[in-house]
>>> print(open('data26.cif').read())   # mmCIF, C-alpha atoms and all ligand atoms
data_input
loop_
_atom_site.label_atom_id
_atom_site.label_comp_id
_atom_site.auth_asym_id
_atom_site.auth_seq_id
_atom_site.Cartn_x
_atom_site.Cartn_y
_atom_site.Cartn_z
CA MET G 114 116.38 -44.79 58.58
CA ALA G 115 113.15 -43.61 60.14
CA ASP G 116 113.96 -39.96 59.63
CA ASP G 117 114.91 -40.26 55.99
CA PRO G 118 112.64 -37.74 54.25
CA GLU G 119 112.86 -39.81 51.06
CA GLU G 120 111.39 -42.90 52.65
CA GLY G 121 108.02 -43.80 51.20
CA MET G 122 108.90 -41.80 48.09
CA LEU G 123 109.43 -43.37 44.70
CA SER G 124 112.47 -42.55 42.70
CA TRP G 125 112.28 -42.20 38.92
CA ASP G 126 113.12 -45.75 38.05
CA GLU G 127 110.78 -47.27 40.62
CA SER G 128 107.17 -48.29 40.29
CA VAL G 129 104.36 -49.52 42.51
CA PHE G 130 103.58 -52.01 39.74
CA ARG G 131 105.11 -55.43 39.53
CA ASP G 132 103.20 -56.10 36.31
CA GLU G 133 100.88 -53.36 35.07
CA HIS G 134 99.62 -55.62 32.28
CA VAL G 135 97.37 -57.57 34.68
CA PHE G 136 95.14 -54.50 34.94
CA GLU G 137 94.62 -54.21 31.20
CA ILE G 138 91.27 -54.88 29.61
CA ASP G 139 92.27 -57.90 27.54
CA TYR G 140 94.24 -59.71 30.23
CA VAL G 141 92.93 -63.24 30.78
CA PRO G 142 93.33 -64.03 34.48
CA GLU G 143 95.19 -67.21 35.48
CA THR G 144 92.78 -67.97 38.29
CA PHE G 145 89.05 -67.68 37.88
CA GLN G 146 87.42 -67.83 41.30
CA HIS G 147 83.70 -67.98 42.11
CA ARG G 148 82.65 -69.27 38.71
CA GLU G 149 83.05 -73.00 39.36
CA GLY G 150 79.35 -73.79 38.88
CA GLN G 151 79.09 -71.90 35.62
CA MET G 152 82.28 -73.47 34.26
CA ARG G 153 80.97 -76.91 35.19
CA ASN G 154 77.70 -76.36 33.33
CA LEU G 155 79.47 -75.02 30.27
CA THR G 156 81.87 -77.93 30.24
CA TYR G 157 78.94 -80.33 30.49
CA ALA G 158 77.30 -78.71 27.46
CA LEU G 159 80.48 -78.93 25.37
CA ARG G 160 81.48 -82.44 26.37
CA PRO G 161 79.71 -84.12 23.41
CA ALA G 162 81.78 -81.99 21.02
CA VAL G 163 85.01 -83.47 22.34
CA ARG G 164 83.55 -86.90 21.53
CA GLY G 165 82.72 -85.80 18.00
CA SER G 166 78.98 -85.11 18.44
CA ARG G 167 77.02 -81.92 18.29
CA PRO G 168 77.25 -80.14 21.69
CA LEU G 169 74.31 -78.73 23.62
CA ASN G 170 73.46 -75.15 22.83
CA VAL G 171 73.70 -72.66 25.68
CA VAL G 172 72.37 -69.26 26.58
CA VAL G 173 74.73 -67.42 28.93
CA ARG G 174 73.22 -64.42 30.65
CA GLY G 175 74.37 -61.91 33.25
CA PRO G 176 75.08 -58.23 33.75
CA PRO G 177 78.28 -56.58 32.43
CA GLY G 178 81.59 -57.47 34.04
CA THR G 179 80.52 -60.77 35.61
CA GLY G 180 83.02 -63.05 33.83
CA LYS G 181 81.00 -64.31 30.87
CA THR G 182 83.58 -63.62 28.16
CA THR G 183 86.39 -64.82 30.39
CA SER G 184 84.62 -68.13 31.00
CA ILE G 185 84.21 -68.68 27.25
CA GLN G 186 87.89 -67.89 26.68
CA LYS G 187 88.94 -70.32 29.41
CA LEU G 188 86.60 -73.01 28.17
CA PHE G 189 87.74 -72.68 24.57
CA ASP G 190 91.37 -72.83 25.68
CA GLU G 191 90.62 -76.04 27.58
CA VAL G 192 88.87 -77.61 24.61
CA GLY G 193 91.78 -76.61 22.36
CA ALA G 194 94.21 -78.27 24.74
CA GLN G 195 92.14 -81.51 24.66
CA THR G 196 91.58 -81.99 20.96
CA SER G 197 92.05 -80.45 17.55
CA ASP G 198 88.81 -82.00 16.30
CA VAL G 199 86.74 -79.18 17.71
CA ARG G 200 86.98 -75.70 16.29
CA THR G 201 85.97 -72.95 18.71
CA ILE G 202 85.29 -69.42 17.52
CA ARG G 203 84.18 -66.48 19.63
CA VAL G 204 82.52 -63.67 17.68
CA ASN G 205 82.19 -60.23 19.23
CA CYS G 206 78.74 -59.11 18.08
CA GLN G 207 79.25 -55.56 19.29
CA VAL G 208 81.64 -55.23 16.35
CA ASN G 209 79.99 -57.84 14.10
CA ALA G 210 76.31 -56.97 14.40
CA THR G 211 74.96 -58.57 11.22
CA ARG G 212 74.58 -62.17 10.09
CA TYR G 213 76.96 -61.54 7.21
CA SER G 214 79.64 -60.14 9.40
CA VAL G 215 79.26 -62.94 11.96
CA PHE G 216 79.77 -65.47 9.19
CA SER G 217 82.74 -63.53 7.84
CA ARG G 218 84.38 -64.04 11.21
CA LEU G 219 83.48 -67.75 11.12
CA PHE G 220 85.03 -67.97 7.67
CA GLU G 221 88.15 -66.31 8.97
CA GLY G 222 88.27 -68.69 11.94
CA THR G 223 87.86 -71.66 9.61
CA PHE G 224 90.31 -70.78 6.86
CA ASP G 225 92.67 -68.41 8.69
CA TYR G 226 92.19 -65.71 6.08
CA GLU G 227 89.43 -63.18 5.49
CA PRO G 228 86.69 -63.80 2.94
CA PRO G 229 87.14 -61.84 -0.31
CA SER G 230 86.14 -58.25 0.35
CA SER G 231 84.77 -57.96 -3.19
CA GLY G 232 81.58 -59.41 -1.78
CA ILE G 233 80.62 -63.01 -1.89
CA SER G 234 77.03 -64.02 -1.29
CA PHE G 235 75.96 -65.14 2.15
CA LYS G 236 74.99 -68.53 0.76
CA LYS G 237 78.46 -69.09 -0.62
CA LEU G 238 80.18 -67.93 2.53
CA PHE G 239 78.04 -70.32 4.50
CA SER G 240 78.56 -73.32 2.19
CA GLN G 241 82.31 -72.94 2.23
CA ILE G 242 82.41 -72.95 6.03
CA ALA G 243 80.03 -75.91 6.33
CA GLU G 244 81.78 -77.95 3.63
CA LYS G 245 85.15 -77.43 5.24
CA LEU G 246 83.75 -78.63 8.58
CA VAL G 247 82.39 -81.80 7.03
CA GLU G 248 85.58 -82.38 5.04
CA ASP G 249 87.76 -82.05 8.15
CA ASP G 250 85.24 -83.96 10.26
CA ARG G 251 85.32 -81.27 12.88
CA VAL G 252 82.68 -79.97 15.28
CA LEU G 253 82.28 -76.19 15.35
CA VAL G 254 81.41 -74.34 18.54
CA VAL G 255 80.43 -70.74 17.99
CA ALA G 256 80.13 -68.25 20.84
CA LEU G 257 78.08 -65.23 19.86
CA ASP G 258 79.43 -62.87 22.50
CA ASP G 259 77.36 -59.77 23.34
CA VAL G 260 74.59 -61.24 21.20
CA ASN G 261 72.25 -58.48 22.38
CA TYR G 262 73.78 -56.31 19.65
CA LEU G 263 72.43 -58.72 17.02
CA PHE G 264 68.97 -58.24 18.53
CA TYR G 265 69.29 -54.44 18.42
CA GLU G 266 69.99 -54.72 14.69
CA ASN G 267 67.27 -57.32 14.12
CA GLU G 268 69.80 -59.86 12.92
CA ALA G 269 69.62 -62.41 15.73
CA SER G 270 66.94 -64.72 14.35
CA ASP G 271 68.48 -65.03 10.88
CA THR G 272 71.93 -65.65 12.30
CA LEU G 273 70.79 -68.34 14.71
CA TYR G 274 68.50 -69.92 12.16
CA SER G 275 71.40 -70.39 9.74
CA LEU G 276 73.66 -71.84 12.42
CA LEU G 277 71.08 -74.17 13.91
CA ARG G 278 69.85 -75.60 10.62
CA ALA G 279 73.25 -75.91 8.96
CA HIS G 280 73.06 -79.71 9.06
CA GLU G 281 69.90 -79.74 6.94
CA GLU G 282 71.58 -78.19 3.93
CA HIS G 283 74.98 -79.61 4.72
CA PRO G 284 74.58 -83.13 6.10
CA GLY G 285 77.31 -83.96 8.58
CA ALA G 286 77.89 -80.38 9.67
CA LYS G 287 77.92 -80.26 13.47
CA ILE G 288 77.58 -76.84 15.01
CA GLY G 289 76.90 -75.85 18.59
CA VAL G 290 76.04 -72.32 19.66
CA ILE G 291 76.74 -70.44 22.87
CA VAL G 292 74.81 -67.22 22.95
CA VAL G 293 76.06 -64.64 25.46
CA SER G 294 73.87 -61.72 26.48
CA SER G 295 74.77 -58.89 28.85
CA ASP G 296 71.42 -57.14 28.58
CA PRO G 297 69.32 -58.15 31.61
CA SER G 298 66.17 -56.70 30.06
CA LEU G 299 66.46 -58.87 26.95
CA ASP G 300 64.58 -62.16 26.94
CA VAL G 301 66.70 -63.97 24.37
CA ILE G 302 64.34 -66.85 23.61
CA ASP G 303 61.21 -64.73 23.66
CA GLU G 304 62.62 -62.25 21.16
CA LEU G 305 63.48 -64.86 18.55
CA ASP G 306 61.17 -65.80 15.65
CA SER G 307 59.06 -68.89 16.25
CA ARG G 308 60.91 -70.73 13.46
CA VAL G 309 64.10 -70.34 15.52
CA GLN G 310 62.44 -71.08 18.84
CA SER G 311 61.29 -74.44 17.53
CA VAL G 312 64.89 -75.60 17.00
CA PHE G 313 66.61 -73.77 19.84
CA ARG G 314 66.27 -75.38 23.28
CA PRO G 315 69.40 -74.19 25.01
CA GLU G 316 70.80 -74.86 28.46
CA ASP G 317 70.71 -71.77 30.61
CA VAL G 318 73.81 -70.57 32.48
CA TYR G 319 73.48 -67.48 34.63
CA PHE G 320 76.27 -65.19 35.87
CA PRO G 321 75.08 -63.09 38.84
CA VAL G 322 77.00 -60.01 39.96
CA TYR G 323 79.81 -60.77 42.40
CA ASP G 324 79.18 -59.76 45.99
CA GLN G 325 81.70 -57.70 47.93
CA PRO G 326 83.62 -60.57 49.58
CA GLU G 327 83.96 -62.28 46.18
CA ILE G 328 85.22 -59.05 44.65
CA VAL G 329 87.82 -58.76 47.43
CA ASP G 330 89.03 -62.31 46.66
CA ILE G 331 89.29 -61.69 42.94
CA LEU G 332 90.91 -58.27 43.20
CA ASP G 333 93.32 -59.50 45.86
CA GLU G 334 94.65 -61.98 43.33
CA ARG G 335 95.21 -59.16 40.80
CA VAL G 336 96.85 -57.03 43.46
CA ARG G 337 99.33 -59.77 44.27
CA ARG G 338 100.28 -60.20 40.64
CA GLY G 339 100.09 -56.55 39.68
CA PHE G 340 101.54 -54.59 42.60
CA HIS G 341 104.70 -55.02 44.63
CA ASP G 342 104.24 -56.41 48.13
CA GLY G 343 102.67 -54.04 50.61
CA VAL G 344 101.66 -51.40 48.04
CA ILE G 345 97.97 -51.56 48.93
CA GLY G 346 96.56 -52.30 52.38
CA ARG G 347 93.59 -54.49 53.17
CA GLU G 348 91.34 -51.57 54.09
CA THR G 349 92.04 -49.77 50.85
CA LEU G 350 91.35 -52.94 48.89
CA GLU G 351 88.06 -53.37 50.71
CA TYR G 352 87.16 -49.82 49.82
CA VAL G 353 87.87 -50.58 46.16
CA ALA G 354 85.64 -53.65 46.43
CA GLU G 355 82.86 -51.61 48.00
CA LEU G 356 82.88 -49.13 45.11
CA THR G 357 83.03 -52.01 42.63
CA ALA G 358 80.07 -53.77 44.25
CA ASP G 359 78.02 -50.57 43.84
CA SER G 360 78.31 -50.87 40.08
CA GLY G 361 78.36 -54.68 39.97
CA ASP G 362 80.94 -54.57 37.16
CA LEU G 363 84.30 -56.08 38.04
CA ARG G 364 85.93 -53.91 35.38
CA VAL G 365 85.37 -50.89 37.61
CA GLY G 366 87.53 -52.49 40.32
CA ILE G 367 90.31 -53.53 37.97
CA ASP G 368 90.42 -50.10 36.35
CA LEU G 369 90.28 -48.48 39.76
CA LEU G 370 93.33 -50.42 40.93
CA ARG G 371 95.33 -49.40 37.88
CA ARG G 372 94.37 -45.73 38.06
CA ALA G 373 94.92 -45.59 41.82
CA GLY G 374 98.37 -47.08 41.26
CA LEU G 375 99.18 -44.43 38.67
CA ASN G 376 97.83 -41.77 40.99
CA ALA G 377 100.09 -42.97 43.79
CA GLU G 378 103.04 -42.84 41.42
CA MET G 379 102.14 -39.32 40.44
CA ARG G 380 102.41 -38.38 44.11
CA ALA G 381 105.69 -40.29 44.09
CA SER G 382 104.22 -42.51 46.81
CA ARG G 383 105.20 -46.12 47.38
CA SER G 384 101.73 -47.02 48.52
CA VAL G 385 98.21 -46.72 47.21
CA GLU G 386 95.97 -44.93 49.69
CA ARG G 387 92.24 -44.31 50.02
CA GLN G 388 92.69 -40.84 48.54
CA ASP G 389 94.16 -42.37 45.33
CA VAL G 390 91.10 -44.57 45.05
CA GLU G 391 88.70 -41.68 45.68
CA GLU G 392 90.33 -39.53 43.03
CA SER G 393 90.40 -42.35 40.47
CA TYR G 394 86.80 -43.35 40.99
CA GLU G 395 85.63 -40.24 39.14
CA GLN G 396 86.99 -41.85 35.96
CA SER G 397 86.61 -45.55 36.73
CA LYS G 398 82.92 -45.38 37.53
CA TYR G 399 82.29 -44.51 33.87
CA ILE G 400 84.09 -47.49 32.39
CA ASN G 401 80.84 -49.08 31.30
CA LEU G 402 79.73 -45.84 29.68
CA SER G 403 83.02 -45.60 27.77
CA ARG G 404 82.66 -49.18 26.63
CA SER G 405 79.11 -48.66 25.36
CA LEU G 406 80.09 -45.47 23.55
CA SER G 407 83.04 -47.09 21.81
CA GLY G 408 80.66 -49.54 20.13
CA LEU G 409 78.39 -46.86 18.63
CA THR G 410 78.45 -45.85 14.98
CA ASP G 411 79.04 -42.20 14.04
CA THR G 412 75.33 -41.61 13.47
CA GLU G 413 74.42 -43.13 16.81
CA GLN G 414 77.00 -40.92 18.52
CA VAL G 415 75.59 -37.85 16.78
CA LEU G 416 72.10 -38.68 18.00
CA LEU G 417 73.33 -39.21 21.55
CA GLU G 418 75.01 -35.82 21.44
CA VAL G 419 71.81 -34.21 20.19
CA ILE G 420 69.87 -35.86 23.01
CA ALA G 421 72.45 -34.58 25.50
CA HIS G 422 71.71 -31.06 24.31
CA HIS G 423 67.94 -31.64 24.40
CA ASP G 424 67.77 -33.67 27.58
CA GLY G 425 64.23 -34.59 28.58
CA GLU G 426 62.54 -33.31 25.39
CA GLN G 427 59.95 -35.14 23.30
CA ALA G 428 61.12 -37.55 20.59
CA GLY G 429 59.59 -35.36 17.87
CA GLU G 430 61.48 -32.26 18.99
CA VAL G 431 64.74 -34.19 19.28
CA TYR G 432 64.22 -35.49 15.76
CA GLU G 433 63.96 -31.93 14.41
CA ALA G 434 67.37 -31.14 15.90
CA PHE G 435 68.83 -34.44 14.72
CA ARG G 436 67.63 -33.84 11.16
CA GLU G 437 69.71 -30.69 10.95
CA GLN G 438 72.76 -32.95 11.13
CA THR G 439 71.72 -36.03 9.16
CA ASP G 440 69.15 -36.94 6.55
CA LEU G 441 67.84 -40.07 8.20
CA GLY G 442 64.10 -40.75 8.15
CA TYR G 443 61.96 -41.03 11.26
CA THR G 444 61.80 -44.83 11.18
CA ARG G 445 65.56 -45.25 11.27
CA TYR G 446 65.71 -42.50 13.90
CA SER G 447 63.28 -44.46 16.10
CA GLU G 448 65.35 -47.60 15.71
CA ILE G 449 68.45 -45.81 16.93
CA VAL G 450 66.50 -44.35 19.85
CA ASN G 451 65.47 -47.91 20.77
CA LYS G 452 69.03 -49.13 20.58
CA LEU G 453 70.35 -46.32 22.80
CA ASP G 454 67.54 -47.09 25.22
CA GLN G 455 68.32 -50.82 25.28
CA LEU G 456 71.99 -50.05 25.83
CA GLY G 457 71.01 -48.08 28.94
CA LEU G 458 72.45 -44.86 27.53
CA ILE G 459 69.11 -43.07 27.50
CA ASP G 460 65.67 -43.48 29.02
CA ALA G 461 62.86 -43.28 26.49
CA GLU G 462 59.65 -43.01 28.45
CA TYR G 463 56.15 -42.77 27.15
CA ALA G 464 54.20 -39.84 28.49
CA GLU G 465 50.86 -38.25 27.66
CA VAL G 466 51.31 -35.03 25.73
CA ASP G 467 48.34 -32.63 25.84
CA GLY G 468 46.06 -33.24 22.90
CA ARG G 469 48.67 -35.22 20.98
CA GLY G 470 48.37 -38.64 22.58
CA ARG G 471 51.34 -40.59 23.78
CA SER G 472 54.86 -39.52 22.91
CA ARG G 473 58.26 -40.51 24.21
CA SER G 474 60.48 -38.19 26.19
CA LEU G 475 64.21 -38.84 25.82
CA SER G 476 66.65 -38.27 28.62
CA LEU G 477 70.24 -39.25 29.27
CA SER G 478 70.90 -42.02 31.79
CA TYR G 479 74.27 -40.53 32.70
CA GLU G 480 75.34 -37.01 33.59
CA LYS G 481 75.49 -34.81 30.53
CA ASP G 482 79.15 -33.81 30.91
CA ALA G 483 80.24 -37.40 31.48
CA VAL G 484 78.68 -38.34 28.16
CA LEU G 485 79.86 -35.31 26.17
CA ASP G 486 83.44 -35.61 27.47
CA ARG G 487 83.59 -39.19 26.27
CA LEU G 488 82.01 -38.59 22.89
CA GLU G 489 84.86 -36.50 21.47
N1 LIG M 501 86.17 -64.62 38.55
C1 LIG M 501 87.05 -63.77 38.02
N2 LIG M 501 88.35 -63.83 38.35
C2 LIG M 501 89.25 -62.99 37.82
N3 LIG M 501 88.94 -62.00 36.96
C3 LIG M 501 87.65 -61.89 36.57
C4 LIG M 501 86.65 -62.77 37.07
N4 LIG M 501 85.47 -62.41 36.51
C5 LIG M 501 85.71 -61.39 35.71
N5 LIG M 501 87.02 -61.05 35.73
C6 LIG M 501 87.65 -59.94 35.03
O1 LIG M 501 86.69 -58.90 34.94
C7 LIG M 501 86.69 -58.30 33.67
C8 LIG M 501 85.33 -58.45 33.05
O2 LIG M 501 85.06 -59.83 32.82
P1 LIG M 501 84.39 -60.33 31.47
O3 LIG M 501 84.90 -59.56 30.32
O4 LIG M 501 84.54 -61.80 31.43
O5 LIG M 501 82.89 -59.92 31.79
P2 LIG M 501 81.57 -60.09 30.91
O6 LIG M 501 80.58 -60.76 31.80
O7 LIG M 501 81.91 -60.74 29.61
O8 LIG M 501 81.13 -58.57 30.70
P3 LIG M 501 80.29 -57.94 29.47
O9 LIG M 501 78.90 -58.46 29.61
O10 LIG M 501 80.33 -56.48 29.72
O11 LIG M 501 80.95 -58.34 28.21
C9 LIG M 501 87.78 -58.97 32.87
O12 LIG M 501 88.92 -58.13 32.92
C10 LIG M 501 88.04 -60.27 33.60
O13 LIG M 501 89.39 -60.63 33.53
MG MG M 502 81.85 -59.98 27.67
#
>>> encode(input="data26.cif", output="structure tokens", more="lines below")
Ligand SMILES: Nc1ncnc2c1ncn2[C@@H]1O[C@H](COP(=O)(O)OP(=O)(O)OP(=O)(O)O)[C@@H](O)[C@H]1O
Ligand SMILES: [Mg+2]
Amino acid sequence: MADDPEEGMLSWDESVFRDEHVFEIDYVPETFQHREGQMRNLTYALRPAVRGSRPLNVVVRGPPGTGKTTSIQKLFDEVGAQTSDVRTIRVNCQVNATRYSVFSRLFEGTFDYEPPSSGISFKKLFSQIAEKLVEDDRVLVVALDDVNYLFYENEASDTLYSLLRAHEEHPGAKIGVIVVSSDPSLDVIDELDSRVQSVFRPEDVYFPVYDQPEIVDILDERVRRGFHDGVIGRETLEYVAELTADSGDLRVGIDLLRRAGLNAEMRASRSVERQDVEESYEQSKYINLSRSLSGLTDTEQVLLEVIAHHDGEQAGEVYEAFREQTDLGYTRYSEIVNKLDQLGLIDAEYAEVDGRGRSRSLSLSYEKDAVLDRLE
């Protein structure tokens, strides 16, 4: 019925989505293309664990949204399917940014219940985990995901030191560590204390950004699972991939597909068009910003807001404004400035100030409104 005015229009109970869930942030994809080399190297490093020996340690590096966390999840699933003699635990260091809190998660992964909240000493927490490992004759593989957050809080060396020397205090304890960093400017090994460097000689596995043809392949797979047939044309998909390649973060593309789908539905259209993608990109391009903001503490958010209102000013002036809202000292203030800088939320640049020597000027890395809108 070519002249049916309703054709191409969605009715209430219809959707462009076959399975909207595949566009959600925690969805683990069934197929994992273009990471064969990295998966092979990771498997190689873990192979000794499956045989009951200590695995090789690994440093995994690469920009955001390049498949690092997904590869760890896949790998750990594979190990779990092979043997129950290896315990694998992934700790999200964005949320657990101290040694104590990392080990609380390891405790939880070992005993399946949380450590007593009344406060038990680190030493005790550690011994209980190590003793249980030895008792069960299991190898433990720990992935410190987003380890850069441990560095921002100055907790990385202590955490790694404890993990790497566990066997000295607890003979028979076999622990391997996979350290995952998404901060390209962080030199993981270089930033560790020398006492850690002397025992940490990890394999290096790098995750480069996906190029546009790779993004098309990966997103095409999502499209086939997530949308009904024919909902999105090749050209539109290529446009999505082009925008995704600009940011290098695959999350932008996945979020863009979902939002564009919702946008099409809002127009009651059966197909996702370029215009849906264009309109959605205004939100999707900030997905990395939203993710960074969600990991900030209240104080860090307050400082970022102050900087937004004093964009480009000197660190000393910004501190005056910040102090009206908190009672933190200058040292702690400087630490937070460093963290926001390392996270790529602000640029802190040294500049000569007349007669006063060198001082840092603080400016936002993103548009002011984009930041303020997302801080509420
Ligand atoms: N090769 C791939 N095939 C299918 N989906 C992928 C692939 N690589 C990444 N993804 C998807 O992209 C998103 C981001 O991947 P992931 O979380 O693994 O990135 P990451 O490198 O850990 O990023 P970050 O450094 O920000 O933590 C996830 O939704 C994941 O499912
Ligand atoms: Mg990750």
>>> residues_near_ligand(input="data26.cif", ligand="ligand LIG 501 (chain M)", cutoff="6 Å", atoms="all atoms listed in the file", output="PyMOL selection string")
chain G and resi 138+140-142+145-148+176-183+295+331+363-364
>>> write_last_selection(input="data26.cif", atoms="C-alpha atoms", output="compact mmCIF listing (two decimals), keeping the file's coordinate frame")
# COMPACT_ATOMS: atom_id res chain seq x y z
CA ILE G 138 91.27 -54.88 29.61
CA TYR G 140 94.24 -59.71 30.23
CA VAL G 141 92.93 -63.24 30.78
CA PRO G 142 93.33 -64.03 34.48
CA PHE G 145 89.05 -67.68 37.88
CA GLN G 146 87.42 -67.83 41.30
CA HIS G 147 83.70 -67.98 42.11
CA ARG G 148 82.65 -69.27 38.71
CA PRO G 176 75.08 -58.23 33.75
CA PRO G 177 78.28 -56.58 32.43
CA GLY G 178 81.59 -57.47 34.04
CA THR G 179 80.52 -60.77 35.61
CA GLY G 180 83.02 -63.05 33.83
CA LYS G 181 81.00 -64.31 30.87
CA THR G 182 83.58 -63.62 28.16
CA THR G 183 86.39 -64.82 30.39
CA SER G 295 74.77 -58.89 28.85
CA ILE G 331 89.29 -61.69 42.94
CA LEU G 363 84.30 -56.08 38.04
CA ARG G 364 85.93 -53.91 35.38
>>> closest_residue(input="data26.cif", among="G:Thr156, G:Thr444, G:Ser476, G:Ser298", to="G:Phe189", atoms="only C-alpha atoms")
G:Thr156
>>> closest_residue(input="data26.cif", among="G:Arg174, G:Leu488, G:Leu169, G:Glu137", to="G:Arg314", atoms="only C-alpha atoms")
G:Leu169
>>> residues_around(input="data26.cif", residues="G:Glu334", least_positions_apart="6", cutoff="12 Å", atoms="all atoms listed in the file", output="PyMOL selection string")
chain G and resi 135-136+142-146+327-328+340+350+367+370
>>> atom_distance(input="data26.cif", atom1="atom CA of G:Asp411", atom2="atom CA of G:Gln438")
11.6 Å
>>> atom_distance(input="data26.cif", atom1="atom CA of G:Asp303", atom2="atom CA of G:Ser270")
10.9 Å
>>> residues_around(input="data26.cif", residues="G:Gln455", least_positions_apart="4", cutoff="10 Å", atoms="only C-alpha atoms", output="list in words")
Asn261, Tyr262, Tyr265, Asp296, Pro297, Ser298, Leu299, Ile449, Val450, Asn451, Ile459, Asp460 and Ala461 of chain G
>>> write_last_selection(input="data26.cif", atoms="C-alpha atoms", output="PDB file, keeping the file's coordinate frame")
ATOM      1  CA  ASN G 261      72.250 -58.480  22.380  1.00  0.00           C
ATOM      2  CA  TYR G 262      73.780 -56.310  19.650  1.00  0.00           C
ATOM      3  CA  TYR G 265      69.290 -54.440  18.420  1.00  0.00           C
ATOM      4  CA  ASP G 296      71.420 -57.140  28.580  1.00  0.00           C
ATOM      5  CA  PRO G 297      69.320 -58.150  31.610  1.00  0.00           C
ATOM      6  CA  SER G 298      66.170 -56.700  30.060  1.00  0.00           C
ATOM      7  CA  LEU G 299      66.460 -58.870  26.950  1.00  0.00           C
ATOM      8  CA  ILE G 449      68.450 -45.810  16.930  1.00  0.00           C
ATOM      9  CA  VAL G 450      66.500 -44.350  19.850  1.00  0.00           C
ATOM     10  CA  ASN G 451      65.470 -47.910  20.770  1.00  0.00           C
ATOM     11  CA  ILE G 459      69.110 -43.070  27.500  1.00  0.00           C
ATOM     12  CA  ASP G 460      65.670 -43.480  29.020  1.00  0.00           C
ATOM     13  CA  ALA G 461      62.860 -43.280  26.490  1.00  0.00           C
TER      14      ALA G 461
END
>>> closest_residue(input="data26.cif", among="G:Arg251, G:His134, G:Arg212, G:Arg404", to="ligand MG 502 (chain M)", atoms="all atoms listed in the file")
G:Arg404
>>> residues_near_point(input="data26.cif", point="(70.2, -66.5, 11.6)", cutoff="12 Å", atoms="all atoms listed in the file", output="VMD selection string")
chain G and resid 210 to 216 235 239 257 260 263 to 264 267 to 279 290 305 to 306 308 to 310 312 to 313
>>> write_last_selection(input="data26.cif", atoms="C-alpha atoms", output="compact mmCIF listing (two decimals), in the frame of the given file")
# COMPACT_ATOMS: atom_id res chain seq x y z
CA ALA G 210 76.31 -56.97 14.40
CA THR G 211 74.96 -58.57 11.22
CA ARG G 212 74.58 -62.17 10.09
CA TYR G 213 76.96 -61.54 7.21
CA SER G 214 79.64 -60.14 9.40
CA VAL G 215 79.26 -62.94 11.96
CA PHE G 216 79.77 -65.47 9.19
CA PHE G 235 75.96 -65.14 2.15
CA PHE G 239 78.04 -70.32 4.50
CA LEU G 257 78.08 -65.23 19.86
CA VAL G 260 74.59 -61.24 21.20
CA LEU G 263 72.43 -58.72 17.02
CA PHE G 264 68.97 -58.24 18.53
CA ASN G 267 67.27 -57.32 14.12
CA GLU G 268 69.80 -59.86 12.92
CA ALA G 269 69.62 -62.41 15.73
CA SER G 270 66.94 -64.72 14.35
CA ASP G 271 68.48 -65.03 10.88
CA THR G 272 71.93 -65.65 12.30
CA LEU G 273 70.79 -68.34 14.71
CA TYR G 274 68.50 -69.92 12.16
CA SER G 275 71.40 -70.39 9.74
CA LEU G 276 73.66 -71.84 12.42
CA LEU G 277 71.08 -74.17 13.91
CA ARG G 278 69.85 -75.60 10.62
CA ALA G 279 73.25 -75.91 8.96
CA VAL G 290 76.04 -72.32 19.66
CA LEU G 305 63.48 -64.86 18.55
CA ASP G 306 61.17 -65.80 15.65
CA ARG G 308 60.91 -70.73 13.46
CA VAL G 309 64.10 -70.34 15.52
CA GLN G 310 62.44 -71.08 18.84
CA VAL G 312 64.89 -75.60 17.00
CA PHE G 313 66.61 -73.77 19.84
>>> closest_residue(input="data26.cif", among="G:Arg131, G:Arg380, G:Ala373, G:Ser405", to="ligand MG 502 (chain M)", atoms="all atoms listed in the file")
G:Ser405
>>> atom_distance(input="data26.cif", atom1="atom CA of G:Arg164", atom2="atom CA of G:His280")
17.8 Å
